[in-house]
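Trainee: Next up is a structure, given as structure tokens.
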Amino acid sequence: MSELTGRHVLAITVGAFSVIIAVNVLLAYKAVSTFPGLEVDNSYVASQGFNARKAAQEALGWQLKPGYEGGRMTLAFHDRNGVAMPVTDLQVLVGRTTEAKDDVWPVFAALGDGYVADVPLSRGKWMIKVTAKSLDGVLFEQRSELHVKG
């Protein structure tokens with residue numbers, strides 16, 4: 001084994017920091033390129049009516065129950081008493097929480113007391129962002145998680 005010189009120590013140090021910097025640059029690039037980071041175009045404007053929209057939605061007392069089995073997603077809206085509630089203007093975003101490349105906007109159809117759509121989802125954790133209106137026009141928004149097994 002040869003003697004450890006100053007040049008060796010310098011090469012080891014430069015090599016170690018080069019690897020650390022390269023990994024950090026790669027992770028930063030992946031973070032920025034895979035997630036847009038925007039929920040709304042202008043957060044100030046969106047915040048102006050937040051409290052009124054929140055109070056109106058809480059007054060509805062609705063609960064959203066998403067489900068998924070065999071390539072079919074189901075959504076059920078219920079009031080405080082467990083009665084199924086009809087909705088209008090139903091829009092649903094299904095995607096991963098960390099990237100936008102798998103995002104889909106399935107079209108739901110009313111079936112019985114709920115809504116269904118055929119959505120092929122792979123295994124894992126999915127985010128469901130639901131926007132709908134009650135029959136009297138009150139906006140309902142909720143984000144839920146869905147775990148697809150197998």
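Labels used: A, B, ... for chains in the order of the structure tokens, numbers from 1 for residues in each chain, and numbers from 1 for ligands as shown.
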For Pro86 (chain A), list every protein, DNA or RNA residue within 10 Å, evaluated using only C-alpha atoms, and leave out those in the same chain fewer than 5 positions away; present the list as a list in words.
Mentor: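 Contacts, in chain order: Ala76, Phe77, His78, Ala110, Asp113, Gly114, Tyr115, Ala132, Lys133, Ser134 and Leu135 of chain A.
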Trainee: Just the alpha helix (DSSP H) stuff from chain A, please, per backbone DSSP, written as a ChimeraX atom specification.
Mentor: /A:6-34,43-47,50-60
Trainee: Please produce a file of the residues just selected, as a compact mmCIF listing (two decimals), in the first residue's frame, where the atoms kept are N, CA and C atoms.
Mentor:
```txt
# COMPACT_ATOMS: atom_id res chain seq x y z
N GLY A 6 -0.82 14.40 0.52
CA GLY A 6 -1.76 15.51 0.44
C GLY A 6 -2.58 15.48 -0.83
N ARG A 7 -1.97 15.02 -1.91
CA ARG A 7 -2.68 14.91 -3.17
C ARG A 7 -3.80 13.87 -3.08
N HIS A 8 -3.52 12.77 -2.41
CA HIS A 8 -4.54 11.74 -2.23
C HIS A 8 -5.73 12.27 -1.42
N VAL A 9 -5.42 12.97 -0.33
CA VAL A 9 -6.47 13.52 0.52
C VAL A 9 -7.30 14.54 -0.26
N LEU A 10 -6.62 15.38 -1.06
CA LEU A 10 -7.33 16.35 -1.89
C LEU A 10 -8.23 15.65 -2.90
N ALA A 11 -7.75 14.61 -3.55
CA ALA A 11 -8.55 13.87 -4.53
C ALA A 11 -9.76 13.22 -3.87
N ILE A 12 -9.58 12.64 -2.69
CA ILE A 12 -10.68 12.01 -1.96
C ILE A 12 -11.73 13.06 -1.58
N THR A 13 -11.28 14.19 -1.07
CA THR A 13 -12.20 15.26 -0.65
C THR A 13 -12.97 15.83 -1.84
N VAL A 14 -12.25 16.14 -2.93
CA VAL A 14 -12.90 16.67 -4.12
C VAL A 14 -13.88 15.64 -4.70
N GLY A 15 -13.51 14.38 -4.73
CA GLY A 15 -14.39 13.33 -5.23
C GLY A 15 -15.65 13.19 -4.38
N ALA A 16 -15.50 13.21 -3.06
CA ALA A 16 -16.66 13.07 -2.16
C ALA A 16 -17.63 14.23 -2.34
N PHE A 17 -17.10 15.45 -2.36
CA PHE A 17 -17.98 16.60 -2.52
C PHE A 17 -18.59 16.65 -3.92
N SER A 18 -17.90 16.17 -4.91
CA SER A 18 -18.46 16.12 -6.27
C SER A 18 -19.67 15.19 -6.32
N VAL A 19 -19.57 14.05 -5.67
CA VAL A 19 -20.70 13.11 -5.62
C VAL A 19 -21.88 13.75 -4.89
N ILE A 20 -21.63 14.40 -3.76
CA ILE A 20 -22.70 15.03 -2.98
C ILE A 20 -23.38 16.12 -3.79
N ILE A 21 -22.60 16.97 -4.45
CA ILE A 21 -23.17 18.05 -5.25
C ILE A 21 -23.95 17.50 -6.43
N ALA A 22 -23.43 16.47 -7.09
CA ALA A 22 -24.13 15.88 -8.24
C ALA A 22 -25.48 15.29 -7.82
N VAL A 23 -25.53 14.60 -6.70
CA VAL A 23 -26.78 14.03 -6.21
C VAL A 23 -27.77 15.13 -5.85
N ASN A 24 -27.30 16.19 -5.20
CA ASN A 24 -28.19 17.31 -4.85
C ASN A 24 -28.76 17.98 -6.09
N VAL A 25 -27.95 18.19 -7.11
CA VAL A 25 -28.42 18.80 -8.35
C VAL A 25 -29.46 17.89 -9.02
N LEU A 26 -29.22 16.58 -9.06
CA LEU A 26 -30.17 15.64 -9.65
C LEU A 26 -31.50 15.65 -8.89
N LEU A 27 -31.45 15.61 -7.56
CA LEU A 27 -32.68 15.62 -6.77
C LEU A 27 -33.45 16.93 -6.93
N ALA A 28 -32.76 18.04 -6.97
CA ALA A 28 -33.42 19.33 -7.17
C ALA A 28 -34.08 19.39 -8.55
N TYR A 29 -33.40 18.89 -9.57
CA TYR A 29 -33.97 18.86 -10.92
C TYR A 29 -35.24 18.00 -10.96
N LYS A 30 -35.17 16.81 -10.35
CA LYS A 30 -36.33 15.92 -10.34
C LYS A 30 -37.50 16.54 -9.57
N ALA A 31 -37.21 17.22 -8.46
CA ALA A 31 -38.27 17.85 -7.68
C ALA A 31 -38.99 18.93 -8.48
N VAL A 32 -38.24 19.72 -9.19
CA VAL A 32 -38.83 20.82 -9.95
C VAL A 32 -39.51 20.32 -11.22
N SER A 33 -38.97 19.31 -11.86
CA SER A 33 -39.50 18.88 -13.16
C SER A 33 -40.72 17.97 -13.05
N THR A 34 -40.95 17.33 -11.91
CA THR A 34 -42.04 16.37 -11.81
C THR A 34 -43.26 16.90 -11.07
N SER A 43 -52.76 33.04 -5.36
CA SER A 43 -53.18 32.60 -4.03
C SER A 43 -53.89 33.72 -3.26
N TYR A 44 -53.53 34.96 -3.48
CA TYR A 44 -54.20 36.07 -2.78
C TYR A 44 -55.68 36.15 -3.19
N VAL A 45 -55.92 36.11 -4.49
CA VAL A 45 -57.30 36.17 -4.98
C VAL A 45 -58.09 34.96 -4.49
N ALA A 46 -57.49 33.79 -4.51
CA ALA A 46 -58.18 32.57 -4.06
C ALA A 46 -58.51 32.62 -2.57
N SER A 47 -57.70 33.33 -1.80
CA SER A 47 -57.92 33.37 -0.35
C SER A 47 -59.05 34.30 0.06
N PHE A 50 -62.25 32.39 0.92
CA PHE A 50 -62.05 31.07 1.52
C PHE A 50 -62.98 30.83 2.72
N ASN A 51 -63.06 31.76 3.65
CA ASN A 51 -63.85 31.54 4.86
C ASN A 51 -65.33 31.37 4.55
N ALA A 52 -65.84 32.13 3.59
CA ALA A 52 -67.26 32.00 3.22
C ALA A 52 -67.52 30.65 2.56
N ARG A 53 -66.60 30.22 1.66
CA ARG A 53 -66.78 28.92 1.00
C ARG A 53 -66.67 27.78 2.02
N LYS A 54 -65.76 27.91 2.97
CA LYS A 54 -65.58 26.88 4.00
C LYS A 54 -66.84 26.76 4.86
N ALA A 55 -67.40 27.89 5.28
CA ALA A 55 -68.61 27.86 6.11
C ALA A 55 -69.79 27.25 5.36
N ALA A 56 -69.92 27.59 4.08
CA ALA A 56 -71.02 27.04 3.28
C ALA A 56 -70.87 25.53 3.11
N GLN A 57 -69.63 25.07 2.88
CA GLN A 57 -69.40 23.63 2.72
C GLN A 57 -69.64 22.90 4.03
N GLU A 58 -69.19 23.46 5.14
CA GLU A 58 -69.42 22.81 6.43
C GLU A 58 -70.91 22.75 6.78
N ALA A 59 -71.67 23.74 6.33
CA ALA A 59 -73.12 23.73 6.56
C ALA A 59 -73.80 22.58 5.83
N LEU A 60 -73.23 22.16 4.69
CA LEU A 60 -73.78 21.00 3.98
C LEU A 60 -73.68 19.74 4.84
```
Trainee: Using only C-alpha atoms, find the one residue out of A:Gly49, A:Leu90, A:Gly71, A:Arg80 that sits nearest to Glu141 (chain A).
Mentor: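 Going through A:Gly49, A:Leu90, A:Gly71, A:Arg80 one by one, the smallest distance to Glu141 (chain A) is for A:Leu90.
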Trainee: Could you check the closest approach to Val130 (chain A) for each of A:Ala117, A:Leu64, A:Met85, A:Met1 and tell me which residue wins, using only C-alpha atoms?
Mentor: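 Looking at the shortest contact to Val130 (chain A), the residue is A:Leu64.
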Trainee: Which polymer residues have any atom within 10 Å of an atom of Phe108 (chain A), counting only C-alpha atoms, with same-chain residues fewer than 3 positions away left out, as an mmCIF file with C-alpha atoms, in the first residue's frame?
Mentor:
```cif
data_model
loop_
_atom_site.group_PDB
_atom_site.id
_atom_site.type_symbol
_atom_site.label_atom_id
_atom_site.label_comp_id
_atom_site.auth_asym_id
_atom_site.auth_seq_id
_atom_site.Cartn_x
_atom_site.Cartn_y
_atom_site.Cartn_z
ATOM 1 C CA MET A 73 -63.676 4.098 -9.026
ATOM 2 C CA THR A 74 -66.746 4.947 -6.975
ATOM 3 C CA LEU A 75 -67.686 8.132 -5.142
ATOM 4 C CA LEU A 90 -68.709 16.864 -10.636
ATOM 5 C CA GLN A 91 -65.014 17.181 -11.493
ATOM 6 C CA VAL A 92 -62.431 14.749 -10.184
ATOM 7 C CA TRP A 105 -59.727 13.579 -15.119
ATOM 8 C CA LEU A 111 -75.190 4.859 -10.672
ATOM 9 C CA GLY A 114 -73.196 7.163 -6.109
ATOM 10 C CA TYR A 115 -71.006 7.914 -9.080
ATOM 11 C CA VAL A 116 -68.715 5.575 -11.005
ATOM 12 C CA ALA A 117 -65.948 5.843 -13.594
ATOM 13 C CA ASP A 118 -63.587 3.363 -15.170
ATOM 14 C CA VAL A 119 -60.070 4.427 -14.218
#
```
Trainee: Do you have the CA of Gly112 (chain A)-CA of Ala84 (chain A) distance handy?
Mentor: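 Taking CA of Gly112 (chain A) as the start and CA of Ala84 (chain A) as the end point, the length is 9.5 Å.
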Trainee: Run DSSP on the backbone and tell me which residues of region 6-132 of chain A come out as strand (DSSP E); list them as a ChimeraX atom specification.
Mentor: /A:63-69,72-78,88-95,109-111,114-118,124-132
Trainee: Give me the residues near Gly95 (chain A) as a VMD selection string, where near means some atom within 6 Å (using only C-alpha atoms) and where sequence neighbours in that chain fewer than 6 positions away do not count.
Mentor: chain A and resid 102 to 103 126 to 127
Trainee: Could you check the closest approach to Val94 (chain A) for each of A:Ala109, A:Leu121, A:Val40, A:Ile128 and tell me which residue wins, using only C-alpha atoms?
Mentor: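 Of all the options, A:Ile128 lies closest to Val94 (chain A).
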Trainee: One decimal, Å: what's the distance from CA of Thr131 (chain A) over to CA of Thr88 (chain A), could you say?
Mentor: 9.5 Å
Trainee: Rank nothing, just name the residue among A:Pro106, A:Ser144, A:Gly124, A:Gly61 nearest to Gly82 (chain A), using only C-alpha atoms.
Mentor: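 Comparing A:Pro106, A:Ser144, A:Gly124, A:Gly61 against Gly82 (chain A), the winner is A:Gly61.
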Trainee: Take CA of Trp62 (chain A) and CA of Lys125 (chain A) and report the distance between them in Å, one decimal.
Mentor: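 Separation between CA of Trp62 (chain A) and CA of Lys125 (chain A): 23.6 Å.
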